[in-house]
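Dropping data.pdb in here (PDB, C-alpha atoms):
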MODEL        1
ATOM      1  CA  MET A   1     142.629  85.382  82.644
ATOM      2  CA  ARG A   2     143.840  83.468  79.591
ATOM      3  CA  LEU A   3     141.257  81.829  77.359
ATOM      4  CA  PHE A   4     142.474  78.321  78.178
ATOM      5  CA  ALA A   5     141.961  79.050  81.862
ATOM      6  CA  ALA A   6     138.252  79.664  81.312
ATOM      7  CA  GLY A   7     137.500  75.968  81.133
ATOM      8  CA  SER A   8     139.362  74.960  84.283
ATOM      9  CA  ALA A   9     138.965  78.059  86.441
ATOM     10  CA  LEU A  10     135.429  79.262  85.747
ATOM     11  CA  LEU A  11     134.052  77.764  88.935
ATOM     12  CA  SER A  12     136.965  78.551  91.219
ATOM     13  CA  LEU A  13     137.013  82.203  90.120
ATOM     14  CA  LEU A  14     133.552  82.616  91.571
ATOM     15  CA  TRP A  15     134.970  82.213  95.057
ATOM     16  CA  LEU A  16     137.931  84.579  94.747
ATOM     17  CA  GLY A  17     136.186  87.276  96.709
ATOM     18  CA  GLY A  18     133.018  88.457  98.332
ATOM     19  CA  CYS A  19     130.074  90.305  96.913
ATOM     20  CA  ALA A  20     130.631  93.957  97.664
ATOM     21  CA  ARG A  21     128.831  95.529  94.720
ATOM     22  CA  ALA A  22     127.782  98.802  93.147
ATOM     23  CA  ARG A  23     124.727  99.964  91.207
ATOM     24  CA  VAL A  24     125.084 103.309  89.455
ATOM     25  CA  THR A  25     121.944 104.950  88.048
ATOM     26  CA  THR A  26     121.854 108.045  85.844
ATOM     27  CA  ASP A  27     118.307 109.390  85.533
ATOM     28  CA  ILE A  28     118.285 111.897  82.648
ATOM     29  CA  GLN A  29     115.704 114.654  83.059
ATOM     30  CA  ALA A  30     113.794 116.600  80.379
ATOM     31  CA  ASP A  31     116.267 119.517  80.543
ATOM     32  CA  GLY A  32     119.306 117.249  80.225
ATOM     33  CA  SER A  33     120.306 117.416  83.863
ATOM     34  CA  SER A  34     120.540 114.068  85.586
ATOM     35  CA  ILE A  35     120.047 112.559  88.997
ATOM     36  CA  ARG A  36     123.023 110.370  89.806
ATOM     37  CA  THR A  37     122.390 107.610  92.362
ATOM     38  CA  ILE A  38     125.103 105.260  93.593
ATOM     39  CA  LEU A  39     124.122 102.266  95.716
ATOM     40  CA  LEU A  40     127.053 100.519  97.401
ATOM     41  CA  SER A  41     126.419  97.255  99.229
ATOM     42  CA  GLY A  42     128.783  95.327 101.438
ATOM     43  CA  GLN A  43     129.447  93.995 104.880
ATOM     44  CA  GLU A  44     128.584  95.953 107.992
ATOM     45  CA  LYS A  45     131.516  96.934 110.157
ATOM     46  CA  THR A  46     131.170  95.926 113.798
ATOM     47  CA  GLU A  47     131.810  98.291 116.695
ATOM     48  CA  ASN A  48     135.427  97.170 117.051
ATOM     49  CA  GLY A  49     136.021  97.453 113.299
ATOM     50  CA  VAL A  50     136.326  93.697 112.756
ATOM     51  CA  PRO A  51     133.997  92.127 110.156
ATOM     52  CA  THR A  52     131.771  89.223 111.092
ATOM     53  CA  PRO A  53     133.977  86.153 110.519
ATOM     54  CA  THR A  54     131.220  84.037 108.970
ATOM     55  CA  LEU A  55     130.640  86.471 106.106
ATOM     56  CA  ALA A  56     132.831  86.704 103.002
ATOM     57  CA  THR A  57     131.511  90.044 101.818
ATOM     58  CA  PRO A  58     134.139  92.789 102.220
ATOM     59  CA  MET A  59     133.247  96.058 103.863
ATOM     60  CA  LEU A  60     132.469  99.020 101.612
ATOM     61  CA  GLU A  61     135.561 100.981 102.606
ATOM     62  CA  ASP A  62     137.716  97.963 101.696
ATOM     63  CA  THR A  63     136.397  97.999  98.142
ATOM     64  CA  PHE A  64     135.268 101.529  97.237
ATOM     65  CA  VAL A  65     136.390 105.093  97.695
ATOM     66  CA  ILE A  66     133.155 106.484  99.130
ATOM     67  CA  PRO A  67     132.062 109.706  97.349
ATOM     68  CA  SER A  68     131.918 112.661  99.707
ATOM     69  CA  GLY A  69     131.032 116.339  99.641
ATOM     70  CA  ALA A  70     128.112 118.669 100.274
ATOM     71  CA  GLU A  71     126.554 117.885  96.866
ATOM     72  CA  TRP A  72     125.924 114.280  97.856
ATOM     73  CA  LYS A  73     122.888 113.202  99.885
ATOM     74  CA  ALA A  74     123.609 109.983 101.741
ATOM     75  CA  LYS A  75     121.327 107.354 103.243
ATOM     76  CA  GLU A  76     122.530 104.249 105.038
ATOM     77  CA  GLU A  77     120.692 101.025 105.865
ATOM     78  CA  LYS A  78     121.846  97.947 107.766
ATOM     79  CA  GLN A  79     120.271  94.524 107.933
ATOM     80  CA  SER A  80     121.510  91.042 108.862
ATOM     81  CA  GLY A  81     125.168  92.048 108.898
ATOM     82  CA  ASN A  82     124.968  93.813 105.547
ATOM     83  CA  ARG A  83     125.181  97.521 104.831
ATOM     84  CA  ALA A  84     123.717  99.534 101.953
ATOM     85  CA  LEU A  85     124.876 103.093 101.326
ATOM     86  CA  THR A  86     122.879 105.214  98.851
ATOM     87  CA  LEU A  87     124.419 108.451  97.569
ATOM     88  CA  GLU A  88     122.535 110.878  95.334
ATOM     89  CA  ARG A  89     123.231 114.192  93.639
ATOM     90  CA  THR A  90     121.932 116.275  90.734
ATOM     91  CA  ILE A  91     124.317 116.822  87.812
ATOM     92  CA  PRO A  92     123.851 119.814  85.449
ATOM     93  CA  LEU A  93     123.872 119.108  81.710
ATOM     94  CA  GLY A  94     127.414 118.905  80.374
ATOM     95  CA  LYS A  95     129.134 118.705  83.753
ATOM     96  CA  PRO A  96     131.763 115.926  83.748
ATOM     97  CA  LEU A  97     132.072 113.489  86.632
ATOM     98  CA  GLY A  98     135.240 111.708  87.580
ATOM     99  CA  GLY A  99     135.841 109.057  90.191
ATOM    100  CA  ASP A 100     132.435 108.839  91.832
ATOM    101  CA  LEU A 101     132.959 105.106  91.337
ATOM    102  CA  SER A 102     136.507 104.200  92.313
ATOM    103  CA  ILE A 103     137.440 100.629  93.201
ATOM    104  CA  LYS A 104     140.449 100.011  95.382
ATOM    105  CA  ALA A 105     143.303  97.732  94.339
ATOM    106  CA  GLY A 106     143.766  96.140  97.747
ATOM    107  CA  GLU A 107     146.990  98.038  98.455
ATOM    108  CA  PRO A 108     146.996 101.269 100.472
ATOM    109  CA  GLY A 109     146.476 104.314  98.289
ATOM    110  CA  LYS A 110     146.094 102.381  95.026
ATOM    111  CA  ILE A 111     143.046 102.320  92.751
ATOM    112  CA  LYS A 112     142.143  99.465  90.408
ATOM    113  CA  VAL A 113     139.325 101.074  88.405
ATOM    114  CA  VAL A 114     138.020 104.638  88.125
ATOM    115  CA  ASN A 115     135.153 106.069  86.089
ATOM    116  CA  GLU A 116     134.438 109.160  84.009
ATOM    117  CA  ALA A 117     130.863 110.144  83.089
ATOM    118  CA  LYS A 118     129.104 112.934  81.224
ATOM    119  CA  VAL A 119     125.699 113.742  79.696
ATOM    120  CA  THR A 120     125.821 116.131  76.737
ATOM    121  CA  ARG A 121     123.313 117.587  74.287
ATOM    122  CA  ALA A 122     123.149 115.650  70.993
ATOM    123  CA  GLY A 123     120.424 117.605  69.190
ATOM    124  CA  PRO A 124     116.931 118.967  69.873
ATOM    125  CA  HIS A 125     115.470 116.998  72.781
ATOM    126  CA  ARG A 126     118.343 114.514  72.539
ATOM    127  CA  PHE A 127     121.081 113.794  75.053
ATOM    128  CA  GLU A 128     124.032 111.434  75.023
ATOM    129  CA  TYR A 129     125.239 109.582  78.098
ATOM    130  CA  ARG A 130     128.816 108.376  78.042
ATOM    131  CA  GLU A 131     130.630 106.630  80.869
ATOM    132  CA  THR A 132     134.114 105.162  80.733
ATOM    133  CA  LEU A 133     135.754 102.714  83.123
ATOM    134  CA  LEU A 134     139.525 103.094  83.157
ATOM    135  CA  TRP A 135     141.819 100.377  84.464
ATOM    136  CA  LYS A 136     144.502 101.661  86.834
ATOM    137  CA  GLY A 137     145.698  98.305  88.129
ATOM    138  CA  ASP A 138     148.101  95.754  86.676
ATOM    139  CA  PRO A 139     146.586  94.142  83.549
ATOM    140  CA  ALA A 140     148.741  91.057  84.100
ATOM    141  CA  ALA A 141     146.818  90.371  87.313
ATOM    142  CA  VAL A 142     143.766  89.613  85.132
ATOM    143  CA  LEU A 143     145.274  88.429  81.848
ATOM    144  CA  GLY A 144     147.802  86.201  83.594
ATOM    145  CA  GLU A 145     150.626  84.278  81.938
ATOM    146  CA  ILE A 146     149.890  81.617  79.353
ATOM    147  CA  LYS A 147     151.389  78.206  80.129
ATOM    148  CA  SER A 148     153.900  76.534  77.842
ATOM    149  CA  GLU A 149     151.607  73.539  77.370
ATOM    150  CA  ASP A 150     148.860  75.862  76.145
ATOM    151  CA  LEU A 151     151.234  77.378  73.601
ATOM    152  CA  LYS A 152     152.059  73.867  72.427
ATOM    153  CA  THR A 153     148.357  73.095  72.045
ATOM    154  CA  ILE A 154     147.796  76.199  69.933
ATOM    155  CA  LYS A 155     150.857  75.434  67.808
ATOM    156  CA  ALA A 156     149.731  71.846  67.171
ATOM    157  CA  SER A 157     146.279  73.068  66.056
ATOM    158  CA  LEU A 158     147.583  75.522  63.431
ATOM    159  CA  PRO A 159     148.525  74.649  59.846
ATOM    160  CA  LYS A 160     152.292  74.033  59.797
ATOM    161  CA  PRO A 161     153.183  77.045  57.599
ATOM    162  CA  LEU A 162     151.490  79.350  60.158
ATOM    163  CA  ALA A 163     152.626  77.562  63.327
ATOM    164  CA  THR A 164     155.577  79.827  64.118
ATOM    165  CA  ASP A 165     156.438  80.782  67.684
ATOM    166  CA  ALA A 166     155.662  84.433  66.904
ATOM    167  CA  ASN A 167     152.245  83.583  65.465
ATOM    168  CA  VAL A 168     151.393  81.331  68.388
ATOM    169  CA  ARG A 169     152.306  83.985  70.963
ATOM    170  CA  ALA A 170     150.444  86.732  69.104
ATOM    171  CA  LEU A 171     147.368  84.529  68.744
ATOM    172  CA  ALA A 172     147.452  83.649  72.444
ATOM    173  CA  ASP A 173     147.591  87.339  73.361
ATOM    174  CA  LYS A 174     144.643  88.150  71.068
ATOM    175  CA  MET A 175     142.640  85.275  72.562
ATOM    176  CA  ALA A 176     143.314  86.579  76.064
ATOM    177  CA  VAL A 177     142.142  90.114  75.280
ATOM    178  CA  LEU A 178     139.032  88.926  73.423
ATOM    179  CA  SER A 179     138.073  86.575  76.268
ATOM    180  CA  ILE A 180     137.841  89.389  78.841
ATOM    181  CA  PRO A 181     134.273  90.478  77.902
ATOM    182  CA  MET A 182     133.193  86.844  77.766
ATOM    183  CA  LEU A 183     134.125  86.314  81.398
ATOM    184  CA  PHE A 184     133.653  89.760  82.938
ATOM    185  CA  GLY A 185     131.107  91.563  80.712
ATOM    186  CA  PRO A 186     129.537  93.903  79.787
ATOM    187  CA  GLY A 187     126.628  91.695  78.846
ATOM    188  CA  ASP A 188     126.042  88.449  80.696
ATOM    189  CA  PRO A 189     129.382  87.660  82.386
ATOM    190  CA  LEU A 190     130.021  83.926  82.547
ATOM    191  CA  LEU A 191     131.285  84.334  86.104
ATOM    192  CA  ALA A 192     127.837  85.452  87.247
ATOM    193  CA  MET A 193     126.120  82.576  85.470
ATOM    194  CA  GLY A 194     128.480  79.942  86.867
ATOM    195  CA  LEU A 195     127.439  80.333  90.487
ATOM    196  CA  LEU A 196     123.818  79.257  89.996
ATOM    197  CA  HIS A 197     124.147  76.970  86.976
ATOM    198  CA  PRO A 198     127.751  75.812  86.406
ATOM    199  CA  ASP A 199     126.807  73.303  83.684
ATOM    200  CA  LEU A 200     125.090  76.036  81.688
ATOM    201  CA  ALA A 201     128.063  78.340  82.256
ATOM    202  CA  MET A 202     130.466  75.755  80.874
ATOM    203  CA  ARG A 203     128.209  75.202  77.867
ATOM    204  CA  ARG A 204     128.041  78.959  77.264
ATOM    205  CA  ALA A 205     131.825  79.177  77.669
ATOM    206  CA  GLY A 206     132.343  76.691  74.850
ATOM    207  CA  GLN A 207     129.759  78.464  72.719
ATOM    208  CA  ARG A 208     131.256  81.920  73.229
ATOM    209  CA  MET A 209     134.819  80.672  72.889
ATOM    210  CA  GLY A 210     133.986  79.739  69.317
ATOM    211  CA  ALA A 211     133.258  83.343  68.410
ATOM    212  CA  VAL A 212     136.345  84.554  70.317
ATOM    213  CA  LEU A 213     138.630  82.069  68.589
ATOM    214  CA  LEU A 214     137.273  82.752  65.107
ATOM    215  CA  LYS A 215     137.755  86.484  65.633
ATOM    216  CA  ALA A 216     141.314  85.994  66.948
ATOM    217  CA  LEU A 217     142.233  83.721  64.018
ATOM    218  CA  GLU A 218     140.789  86.131  61.479
ATOM    219  CA  ASP A 219     142.608  89.093  63.046
ATOM    220  CA  GLN A 220     145.889  87.202  63.182
ATOM    221  CA  PHE A 221     145.944  85.452  59.810
ATOM    222  CA  GLY A 222     143.377  87.114  57.554
ATOM    223  CA  ASP A 223     143.328  85.482  54.098
ATOM    224  CA  GLN A 224     146.204  83.175  55.037
ATOM    225  CA  MET A 225     143.616  80.896  56.620
ATOM    226  CA  GLN A 226     140.344  79.998  54.937
ATOM    227  CA  PRO A 227     137.033  80.110  56.911
ATOM    228  CA  ALA A 228     136.817  76.307  56.980
ATOM    229  CA  GLN A 229     140.350  76.111  58.411
ATOM    230  CA  ARG A 230     139.540  78.690  61.065
ATOM    231  CA  LYS A 231     136.485  76.718  62.141
ATOM    232  CA  GLU A 232     138.497  73.505  62.392
ATOM    233  CA  VAL A 233     141.267  75.116  64.443
ATOM    234  CA  ALA A 234     138.699  76.722  66.754
ATOM    235  CA  ARG A 235     136.901  73.391  67.161
ATOM    236  CA  GLN A 236     140.146  71.623  68.073
ATOM    237  CA  LEU A 237     141.145  74.267  70.614
ATOM    238  CA  ILE A 238     137.737  74.207  72.305
ATOM    239  CA  GLN A 239     137.833  70.414  72.417
ATOM    240  CA  GLN A 240     141.269  70.524  74.035
ATOM    241  CA  THR A 241     140.154  73.122  76.568
ATOM    242  CA  PHE A 242     137.173  71.105  77.793
ATOM    243  CA  ALA A 243     138.483  67.587  77.198
ATOM    244  CA  SER A 244     139.414  66.932  80.835
ATOM    245  CA  PRO A 245     138.448  69.935  82.933
ATOM    246  CA  GLN A 246     140.172  69.819  86.294
ATOM    247  CA  PHE A 247     138.484  72.386  88.468
ATOM    248  CA  SER A 248     140.460  73.974  91.241
ATOM    249  CA  GLN A 249     139.091  73.521  94.719
ATOM    250  CA  PRO A 250     136.682  76.418  95.282
ATOM    251  CA  ARG A 251     137.706  78.901  97.885
ATOM    252  CA  ASP A 252     135.782  78.661 101.150
ATOM    253  CA  PRO A 253     132.957  81.184 100.644
ATOM    254  CA  THR A 254     132.856  81.944 104.378
ATOM    255  CA  ALA A 255     136.504  82.952 104.488
ATOM    256  CA  ALA A 256     137.585  86.571 104.359
ATOM    257  CA  PRO A 257     139.150  87.854 101.127
ATOM    258  CA  ALA A 258     142.922  87.981 100.892
ATOM    259  CA  SER A 259     144.378  91.141 102.380
ATOM    260  CA  ASN A 260     145.772  92.281  99.015
ATOM    261  CA  SER A 261     142.563  91.740  97.042
ATOM    262  CA  THR A 262     139.070  93.187  97.073
ATOM    263  CA  GLY A 263     137.804  90.176  95.136
ATOM    264  CA  LEU A 264     135.390  90.342  92.246
ATOM    265  CA  THR A 265     133.024  93.305  92.403
ATOM    266  CA  PRO A 266     129.711  93.067  90.535
ATOM    267  CA  LEU A 267     128.829  96.368  88.868
ATOM    268  CA  MET A 268     125.542  97.497  87.357
ATOM    269  CA  PHE A 269     125.111 100.735  85.403
ATOM    270  CA  ILE A 270     121.615 101.982  84.550
ATOM    271  CA  VAL A 271     120.397 104.909  82.478
ATOM    272  CA  LYS A 272     116.785 106.010  82.944
ATOM    273  CA  THR A 273     114.785 108.500  80.916
ATOM    274  CA  PRO A 274     111.191 109.741  80.808
ATOM    275  CA  GLY A 275     111.509 109.622  76.995
ATOM    276  CA  ARG A 276     112.940 106.816  74.889
ATOM    277  CA  ILE A 277     116.249 105.113  74.242
ATOM    278  CA  VAL A 278     117.275 105.939  70.671
ATOM    279  CA  SER A 279     120.432 103.814  70.647
ATOM    280  CA  SER A 280     122.837 102.220  73.092
ATOM    281  CA  ASN A 281     125.583  99.629  73.423
ATOM    282  CA  GLY A 282     123.831  98.272  76.528
ATOM    283  CA  GLU A 283     120.710  96.188  77.031
ATOM    284  CA  VAL A 284     117.471  98.110  76.585
ATOM    285  CA  ASP A 285     114.393  97.585  78.725
ATOM    286  CA  GLU A 286     111.815  99.417  76.615
ATOM    287  CA  LEU A 287     108.958  98.971  79.069
ATOM    288  CA  ALA A 288     110.930 100.531  81.923
ATOM    289  CA  GLY A 289     112.562 103.151  79.696
ATOM    290  CA  GLU A 290     115.995 102.024  80.855
ATOM    291  CA  VAL A 291     119.236 100.670  79.492
ATOM    292  CA  PHE A 292     121.681  98.709  81.638
ATOM    293  CA  TRP A 293     125.132  97.128  81.646
ATOM    294  CA  ALA A 294     126.236  94.301  83.964
ATOM    295  CA  LEU A 295     129.938  93.595  84.438
ATOM    296  CA  PHE A 296     132.813  93.042  86.820
ATOM    297  CA  GLU A 297     135.558  95.653  87.120
ATOM    298  CA  GLU A 298     138.071  93.303  85.436
ATOM    299  CA  ALA A 299     136.224  93.982  82.172
ATOM    300  CA  ALA A 300     138.392  97.105  81.827
ATOM    301  CA  ALA A 301     141.702  95.276  82.291
ATOM    302  CA  SER A 302     142.668  95.076  78.607
ATOM    303  CA  ASN A 303     140.689  98.006  77.164
ATOM    304  CA  ASN A 304     138.698 100.845  78.664
ATOM    305  CA  VAL A 305     134.997  99.990  78.886
ATOM    306  CA  VAL A 306     132.819 102.674  77.295
ATOM    307  CA  LEU A 307     129.069 102.758  77.989
ATOM    308  CA  THR A 308     126.933 104.926  75.708
ATOM    309  CA  ALA A 309     123.245 105.734  75.340
ATOM    310  CA  LEU A 310     121.409 108.272  73.194
ATOM    311  CA  VAL A 311     118.045 109.313  74.650
ATOM    312  CA  GLU A 312     115.253 111.501  73.363
ATOM    313  CA  VAL A 313     113.076 113.476  75.757
ATOM    314  CA  GLU A 314     109.998 115.396  74.566
TER     315      GLU A 314
ENDMDL
END
Structure translated into structure tokens:
Amino acid sequence: MRLFAAGSALLSLLWLGGCARARVTTDIQADGSSIRTILLSGQEKTENGVPTPTLATPMLEDTFVIPSGAEWKAKEEKQSGNRALTLERTIPLGKPLGGDLSIKAGEPGKIKVVNEAKVTRAGPHRFEYRETLLWKGDPAAVLGEIKSEDLKTIKASLPKPLATDANVRALADKMAVLSIPMLFGPGDPLLAMGLLHPDLAMRRAGQRMGAVLLKALEDQFGDQMQPAQRKEVARQLIQQTFASPQFSQPRDPTAAPASNSTGLTPLMFIVKTPGRIVSSNGEVDELAGEVFWALFEEAAASNNVVLTALVEVE
């Protein structure tokens, strides 16, 4: 998803797929072992294997590789055409996990995202949680191809000595990579915000684009462009992006996802502890003794997503 597409496609992206989702909880115990709980939610499969046509939510097996094995305890619930599958197991300290969250690519036998997770000792009474999401799909499916008119807009906004074709292309690529977290998380993904409050999402998009653009310009040009120049170029590009937003027609939310796509999959990762969170790159809920990360799987398209938390247990 190129940065320029954020302005015109933010709303339409929300309808690209259903809401099959996953919540992964790692509850770290006093001895460093952990209870791993995976909650997968999606559409209930009917007796003949055909999903209810009025629901857009894909079935779990269409989106996830369901963990299996004697170590997993499974519980299933169904209500109003939806299905929730809870899987739980105990993980010894230091034992690595791989692939207990695997998201399908929409093509037989292919995986889009897979995880790796491990809790290790980090000192007396301290343990480190580390989970990595690795992208196995085609990055171009998320980053897309920048349009020639967008390249022209970037070129026209740059000072003439820096407005070479090579600089413009490199800057566009940096903008695309830096925009991935803005749209897909971790943090507060703009795609999630846009469904309930599209005006706020567009305002946040402009706000966050400023930081993305300034970072991309600094990385690309360094001292060749002064801070005031970077701000002016960023302002012009944002103004161009949102000058005349032409939103694509949203996809019918009652329609089934395309056969070659599982759609957008909301993911939530949670670390719990009976002690305290010492540090983390997630969002800390001190009262609950938890840290969490919210994202879509596309967050890993340009770079692996690494979730970390250091906890202390007395």
Next item on the list: Name the residues that the PyMOL selection byres ((chain A and resi 81-97) around 9) picks from the file above, as JSON, numbers by chain, using the file's chain letters and numbers.
Entry: {"A": [31, 32, 33, 34, 35, 36, 37, 38, 39, 40, 41, 42, 43, 44, 45, 46, 51, 52, 55, 57, 59, 60, 67, 68, 71, 72, 73, 74, 75, 76, 77, 78, 79, 80, 98, 99, 100, 115, 116, 117, 118, 119, 120, 121, 127]}
Give me, as CSV, the closest atom pair and its distance (Å, one decimal) for every residue of range 97-140 of chain A within a cut-off of 12 Å of range 291-296 of chain A, counting all atoms listed in the file, rows sorted by chain and rising number.
residue,atom,partner,partner_atom,distance
A:Ile103,CA,A:Phe296,CA,10.9
A:Lys112,CA,A:Phe296,CA,11.9
A:Val113,CA,A:Phe296,CA,10.5
A:Tyr129,CA,A:Val291,CA,10.8
A:Glu131,CA,A:Trp293,CA,11.0
A:Leu133,CA,A:Phe296,CA,10.8
A:Trp135,CA,A:Phe296,CA,11.9
Checklist line | Residue contacts of Arg126 in chain A (8 Å, only C-alpha atoms) excluding same-chain residues fewer than 6 positions away, as a ChimeraX atom specification | finding: /A:310-313
Note to self: Can you tell me which residues surround range 148-159 of chain A at a distance of at most 9 Å, considering only C-alpha atoms, apart from same-chain residues fewer than 5 positions away, and format the answer as a list in words?
What the structure shows: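 So the residues in contact are Phe4, Thr164, Asp165, Asn167, Val168, Arg169, Leu171, Ala172, Met225, Gln229, Arg230, Glu232, Val233, Ala234, Gln236, Leu237 and Gln240 of chain A.
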Next item on the list: Using CA of Thr63 in chain A and CA of Val271 in chain A as the two end points, give the distance in Å to one decimal.
Entry: 23.4 Å
Check: Pick the closest to Thr25 in chain A from A:Met268, A:Leu162, A:Val306, A:Ala299: which is it, counting all atoms listed in the file?
Finding: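 Between A:Met268, A:Leu162, A:Val306, A:Ala299, the residue approaching Thr25 in chain A most closely is A:Met268.
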Next item on the list: May I ask which of the residues A:Val284, A:Thr273, A:Ala309, A:Asn304 is the closest one to Asp27 in chain A, counting only C-alpha atoms?
Entry: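 Once distances to Asp27 in chain A are computed over only C-alpha atoms, the minimum belongs to A:Thr273.
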Next item on the list: One decimal, Å: what's the distance from CA of Val278 in chain A over to CA of Gln29 in chain A, could you say?
Entry: 15.2 Å
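Nearest-residue note for Leu307 in chain A: choosing from A:Gly137, A:Pro161, A:Gly194, A:Pro186, the minimum distance belongs to A:Pro186, counting only C-alpha atoms.
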